[in-house]
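Here is the structure we will look at.
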Amino acid sequence: MIDYAWLVPVIPFLSFFILILFRTKMQKTSGLVATIFSGLTLIYAIVIFGQLIKRQTYLAEWQWLTIGTVDISFGVLLNPLNGLMLLLVAFVSFLIHLYSIGYMDGDKRTSVFFAYLGLFTAAMLGLVMSPNLLQFYMFWELVGLGSFLLIGFYFYKNSAKKAAKKAFIMTRIGDMGLLIGLILLFWQTNSFRFADISEVILAGQMESGMITLIAILILIGAIGKSGQFPLHTWLPDAMEGPTPVSALIHAATMVAAGIYLIAVMYPLYMASNVALAIVASVGAFTALYAATIGLVQDDIKQVLAYSTISQLGYMLLAMGVLGYTAGIFHLFTHAFFKALLFLAAGAVIHAVHTQNIKQMGGLSKKMKVTSVTFLIGALAISGFPLLSGFFSKEEILAAVWANGQYGLFVIAILAAFLTSLYMFRLFFLVFEGESKKTIDKIQPTPITMKIPMIVLAFFAIFSGYLNTSWFETYLADWLASGATFLSTHHHETPLWLFFVTILLSVGGIVLAYFIYGKKRINQEDWKSSFPGVHTLLKNKYYIDEFYQLTFVKATNAIGTFFTYVEKYIIQLCMTFVKDVVQSLSKTGTKTQTGQTQTYGAVAFLGLVLIVAFYVLKGGY
Amino acid sequence: MSSVPLQAYLIVALILFCIGLFGALTKRNTIIVLICIELMLNAVNLNLVAFSKFGASANITGQVFSLFTITIAAAEVAVGMAILIAFYRNKRTVNIDEMNTLKE
């Protein structure tokens, strides 16, 4: 079975192909068909993962191009990290497909939606199975395309159009970094293969300056994809897409591709302390920065989007402090609870037809399943004891502490506290309190939407137990077995860290309860005592405005300048060339009078000339 | 009978041909142009017949050939006249300098 592992991305691609071909005929059945296809993908991925556990790695390559002495191959690589990602993507994708049947019901372009979902899933699966950087880069761009198409799914809405364009351009800026890094790496190592690259680096055959440069360039790619500061602005806007898309692409899988890229290129980062420090600082800064914005947003999906950015920052931070397994572990647990939160938010939006949390309230009585699953997701992301987020977050904090980065540790702690605060602000505002009059009737949530939420809630609770120091660190051992370049020192987690983590999450929840649940603490006092801070956060630190004023304006100015160059310089040259040709041909047409007699006279004159010539020359 | 030399025939034919050519190139009326073309053809016929009598290898072929030319010329004039009449019906004119519509 594992020899046909390349079929895994082919199955969802087939679903894309069929649905796009018969999109008008399969309007009703498309959801079912796509779900069956993604179910098959999941089953196949599980089978492959089962076989992978025994054999650890699998590599198959087919030669694609030969340039000079370099062979460029296409292939399938499976190792512990890839296998985990494969399973994760297939699993979440399947649940989202199932959920979308209910969510997209009644839309006119359902089949197109499911086709795009299939395309995205295929690209993402191809991405995690790539054995070399070039193939990785291709799928990386394909994933970006899928994201673009799905954000702009409601293309008749101007905001969706803009958001899709923004996401595409912002990630493209990051991709530029990745592309340059990739070319530099190829120049240095003469290979795109991950295995060859890490071999060269581990053998110390590269200058440290070059390593740092390449590592930073690749980090820029990861920053773009994972929505890290300063290229994060596309991710909140990407919430214009349908909510299942936000759950699948902009929470669980695609945005994690940036972290995955860092993990795949980890030997490179381990060879450069500067690069690691930059990774950690970007991650820590983004974690705190996005968390503060999440505190004041009023759109339920915006809060979750900033929460995603913040959590991705957390993972990046873990990567930067040599917490390789901690980062991947958090990626793993985060995929479950963040997808769950988005799906629950989607169910709320589906029911009440608004995204503004100020207009919601008291929904827990009317939407039992949704509120309970959302609560589980919120508890998990806040790091509430015994839920999955608790273990992974604690792992990251331990890694930061063990690395001796105390400044970053403080930032991480603050971000963790803010996380539980804004998550429970959301929970109390949406599900508790009295219901608002603006919402008169609540649309019931179909069973196909409830099942994925329940399944994800299960994983949000229990996926953490795969890697705890209490039982067995299955996940870390499994990952470490595939990443031999990691130094295998098990740092002891200080006991007080457990209490700190618990204190942070419970503290945030209690504070949120008093502010938004009980209203014991008046939020207006806070706003009035720090008026500047609130507006600053509300406007997301004016980053969008800043970009608008600098980059967009500058680009526009350059564009205008070249428009004039085009208009007055290039156009002038063109007109000149055109005029010369035109006047030449005008002279030519004058000889063509259409008068038969003129032609005859000219012909006769010619004959006379020829004869005269012969007579004078005396023969031929 | 044989007192008329070859040169005389040739000079007459040349004069005829030049008149025909002049007419064909200068006249505006298409019928005159057609007649002038006939004139040029007849000059050629005269040459053919003259050479068949006084040529280096005198034989009957030249005369037979001129008979063919006369026949073909008759047919050609018939076609030419037909075209001209059709043209006249369309344009109400037979002026050759107005026959330049192909140029546009």
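Each chain in the structure tokens gets a letter, A, B, ..., in the order shown, and its residues are numbered from 1; ligands are numbered from 1 in order too.
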
Find the residues around Ala50 of chain B up to 9 Å (only C-alpha atoms counted), leave out those fewer than 2 positions away in its own chain, and share them as a list in words. Leu6, Tyr9, Leu10, Asn45, Leu46, Asn47, Leu48, Ser52, Lys53, Phe54, Gly55, Gly62 and Gln63 of chain B

Taking 6 positions as the minimum chain separation for residues in the same chain, which residues sit within 9 Å of Phe87 of chain B when counting only C-alpha atoms? Answer as an MDAnalysis selection string. chainID B and resid 93:94 99

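Counting only C-alpha atoms, Phe417 of chain A has the following residues at most 9 Å away, ignoring those fewer than 3 positions along the same chain: Ser382, Ala412, Ile413, Leu414, Ser420, Leu421, Tyr422, Thr501, Leu503, Leu504, Ser505, Val506, Gly507, Gly508 and Ile509 of chain A.
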
With N, CA and C atoms kept, could you save the residues just selected as a PDB file, in the first residue's frame?
ATOM      1  N   SER A 382      -6.904  27.945  25.736  1.00  0.00           N
ATOM      2  CA  SER A 382      -6.436  28.734  26.872  1.00  0.00           C
ATOM      3  C   SER A 382      -5.422  27.962  27.699  1.00  0.00           C
ATOM      4  N   ALA A 412       5.889  35.249  26.331  1.00  0.00           N
ATOM      5  CA  ALA A 412       5.057  34.065  26.084  1.00  0.00           C
ATOM      6  C   ALA A 412       4.001  33.914  27.168  1.00  0.00           C
ATOM      7  N   ILE A 413       4.410  34.178  28.406  1.00  0.00           N
ATOM      8  CA  ILE A 413       3.461  34.066  29.524  1.00  0.00           C
ATOM      9  C   ILE A 413       2.341  35.088  29.375  1.00  0.00           C
ATOM     10  N   LEU A 414       2.733  36.321  29.029  1.00  0.00           N
ATOM     11  CA  LEU A 414       1.738  37.377  28.828  1.00  0.00           C
ATOM     12  C   LEU A 414       0.754  36.974  27.728  1.00  0.00           C
ATOM     13  N   SER A 420      -6.265  33.330  27.030  1.00  0.00           N
ATOM     14  CA  SER A 420      -7.444  32.848  27.742  1.00  0.00           C
ATOM     15  C   SER A 420      -8.410  33.993  28.009  1.00  0.00           C
ATOM     16  N   LEU A 421      -7.868  35.211  28.165  1.00  0.00           N
ATOM     17  CA  LEU A 421      -8.747  36.365  28.398  1.00  0.00           C
ATOM     18  C   LEU A 421      -9.634  36.621  27.178  1.00  0.00           C
ATOM     19  N   TYR A 422      -9.030  36.709  25.970  1.00  0.00           N
ATOM     20  CA  TYR A 422      -9.881  37.056  24.822  1.00  0.00           C
ATOM     21  C   TYR A 422     -10.762  35.894  24.390  1.00  0.00           C
ATOM     22  N   THR A 501       1.352  27.728  34.250  1.00  0.00           N
ATOM     23  CA  THR A 501       0.455  27.547  33.113  1.00  0.00           C
ATOM     24  C   THR A 501      -0.990  27.526  33.565  1.00  0.00           C
ATOM     25  N   LEU A 503      -2.216  28.751  36.330  1.00  0.00           N
ATOM     26  CA  LEU A 503      -2.559  30.066  36.857  1.00  0.00           C
ATOM     27  C   LEU A 503      -2.917  31.023  35.724  1.00  0.00           C
ATOM     28  N   LEU A 504      -2.112  30.977  34.668  1.00  0.00           N
ATOM     29  CA  LEU A 504      -2.337  31.877  33.537  1.00  0.00           C
ATOM     30  C   LEU A 504      -3.707  31.639  32.934  1.00  0.00           C
ATOM     31  N   SER A 505      -3.997  30.368  32.637  1.00  0.00           N
ATOM     32  CA  SER A 505      -5.237  30.100  31.918  1.00  0.00           C
ATOM     33  C   SER A 505      -6.432  30.383  32.810  1.00  0.00           C
ATOM     34  N   VAL A 506      -6.361  29.926  34.072  1.00  0.00           N
ATOM     35  CA  VAL A 506      -7.498  30.139  34.958  1.00  0.00           C
ATOM     36  C   VAL A 506      -7.647  31.632  35.264  1.00  0.00           C
ATOM     37  N   GLY A 507      -6.514  32.309  35.433  1.00  0.00           N
ATOM     38  CA  GLY A 507      -6.553  33.744  35.694  1.00  0.00           C
ATOM     39  C   GLY A 507      -7.252  34.501  34.587  1.00  0.00           C
ATOM     40  N   GLY A 508      -6.899  34.142  33.352  1.00  0.00           N
ATOM     41  CA  GLY A 508      -7.528  34.802  32.203  1.00  0.00           C
ATOM     42  C   GLY A 508      -9.012  34.543  32.173  1.00  0.00           C
ATOM     43  N   ILE A 509      -9.383  33.294  32.454  1.00  0.00           N
ATOM     44  CA  ILE A 509     -10.804  32.935  32.408  1.00  0.00           C
ATOM     45  C   ILE A 509     -11.570  33.691  33.488  1.00  0.00           C
TER      46      ILE A 509
END

Report as a PyMOL selection string all protein, DNA and RNA residues lying within 12 Å of segment 14-30 of chain B, evaluated on only C-alpha atoms, omitting residues in the same chain fewer than 4 positions from it. (chain A and resi 595-605) or (chain B and resi 7-10+34-47+77+80-81+83-85+87-88+93-99)

Output of the above residues as an mmCIF file, in the first residue's frame, restricted to C-alpha atoms:
data_model
loop_
_atom_site.group_PDB
_atom_site.id
_atom_site.type_symbol
_atom_site.label_atom_id
_atom_site.label_comp_id
_atom_site.auth_asym_id
_atom_site.auth_seq_id
_atom_site.Cartn_x
_atom_site.Cartn_y
_atom_site.Cartn_z
ATOM 1 C CA GLN A 595 -6.599 53.431 -64.689
ATOM 2 C CA THR A 596 -6.028 50.600 -67.172
ATOM 3 C CA GLN A 597 -4.635 52.965 -69.727
ATOM 4 C CA THR A 598 -1.924 54.257 -67.386
ATOM 5 C CA TYR A 599 -0.912 50.685 -66.664
ATOM 6 C CA GLY A 600 -0.820 49.918 -70.379
ATOM 7 C CA ALA A 601 1.292 52.999 -71.084
ATOM 8 C CA VAL A 602 3.737 52.086 -68.305
ATOM 9 C CA ALA A 603 3.968 48.500 -69.574
ATOM 10 C CA PHE A 604 4.638 49.740 -73.091
ATOM 11 C CA LEU A 605 7.260 52.164 -71.830
ATOM 12 C CA GLN B 7 9.217 46.673 -96.068
ATOM 13 C CA ALA B 8 6.039 48.353 -97.327
ATOM 14 C CA TYR B 9 3.856 45.756 -95.610
ATOM 15 C CA LEU B 10 5.824 46.093 -92.425
ATOM 16 C CA LEU B 34 -11.723 48.004 -78.054
ATOM 17 C CA ILE B 35 -11.669 49.027 -81.734
ATOM 18 C CA CYS B 36 -8.098 50.224 -81.299
ATOM 19 C CA ILE B 37 -7.117 46.858 -79.831
ATOM 20 C CA GLU B 38 -8.649 45.239 -82.916
ATOM 21 C CA LEU B 39 -6.550 47.570 -85.005
ATOM 22 C CA MET B 40 -3.392 46.404 -83.243
ATOM 23 C CA LEU B 41 -4.397 42.789 -83.766
ATOM 24 C CA ASN B 42 -4.905 43.432 -87.459
ATOM 25 C CA ALA B 43 -1.458 44.994 -87.680
ATOM 26 C CA VAL B 44 -0.092 41.765 -86.248
ATOM 27 C CA ASN B 45 -2.146 39.743 -88.754
ATOM 28 C CA LEU B 46 -0.709 41.801 -91.562
ATOM 29 C CA ASN B 47 2.784 41.005 -90.317
ATOM 30 C CA VAL B 77 -14.712 41.386 -78.970
ATOM 31 C CA GLY B 80 -15.556 42.472 -74.367
ATOM 32 C CA MET B 81 -18.789 44.011 -75.638
ATOM 33 C CA ILE B 83 -18.777 43.010 -70.316
ATOM 34 C CA LEU B 84 -19.054 46.581 -71.507
ATOM 35 C CA ILE B 85 -22.854 46.391 -71.773
ATOM 36 C CA PHE B 87 -20.905 47.658 -67.045
ATOM 37 C CA TYR B 88 -23.007 50.259 -68.772
ATOM 38 C CA THR B 93 -21.235 55.156 -68.589
ATOM 39 C CA VAL B 94 -18.643 53.577 -70.860
ATOM 40 C CA ASN B 95 -15.770 55.845 -69.894
ATOM 41 C CA ILE B 96 -12.670 53.766 -69.233
ATOM 42 C CA ASP B 97 -11.286 56.165 -66.590
ATOM 43 C CA GLU B 98 -14.279 55.428 -64.424
ATOM 44 C CA MET B 99 -13.487 51.729 -64.441
#

Selected residue, from B:Ala73, B:Val79, B:Ala13, B:Ile31, that lies nearest to Val49 of chain B when counting only C-alpha atoms: B:Ala13

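All residues of protein, DNA or RNA that reach within 8 Å of Phe168 of chain A, judged by only C-alpha atoms and not counting those fewer than 2 positions away in the chain, are A:Gly144, A:Leu145, A:Phe148, A:Ala164, A:Lys165, A:Lys166, A:Met170, A:Thr171, A:Arg172.
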
Atom CA of Val264 of chain A to atom CA of Leu182 of chain A: how many Å, to one decimal? 13.1 Å

Extract, using only C-alpha atoms, all DNA, RNA and protein residues at most 10 Å from Asn273 of chain A, discarding same-chain residues fewer than 3 positions from it, and format them as a PyMOL selection string. chain A and resi 208+212+269-270+276-279+320-321
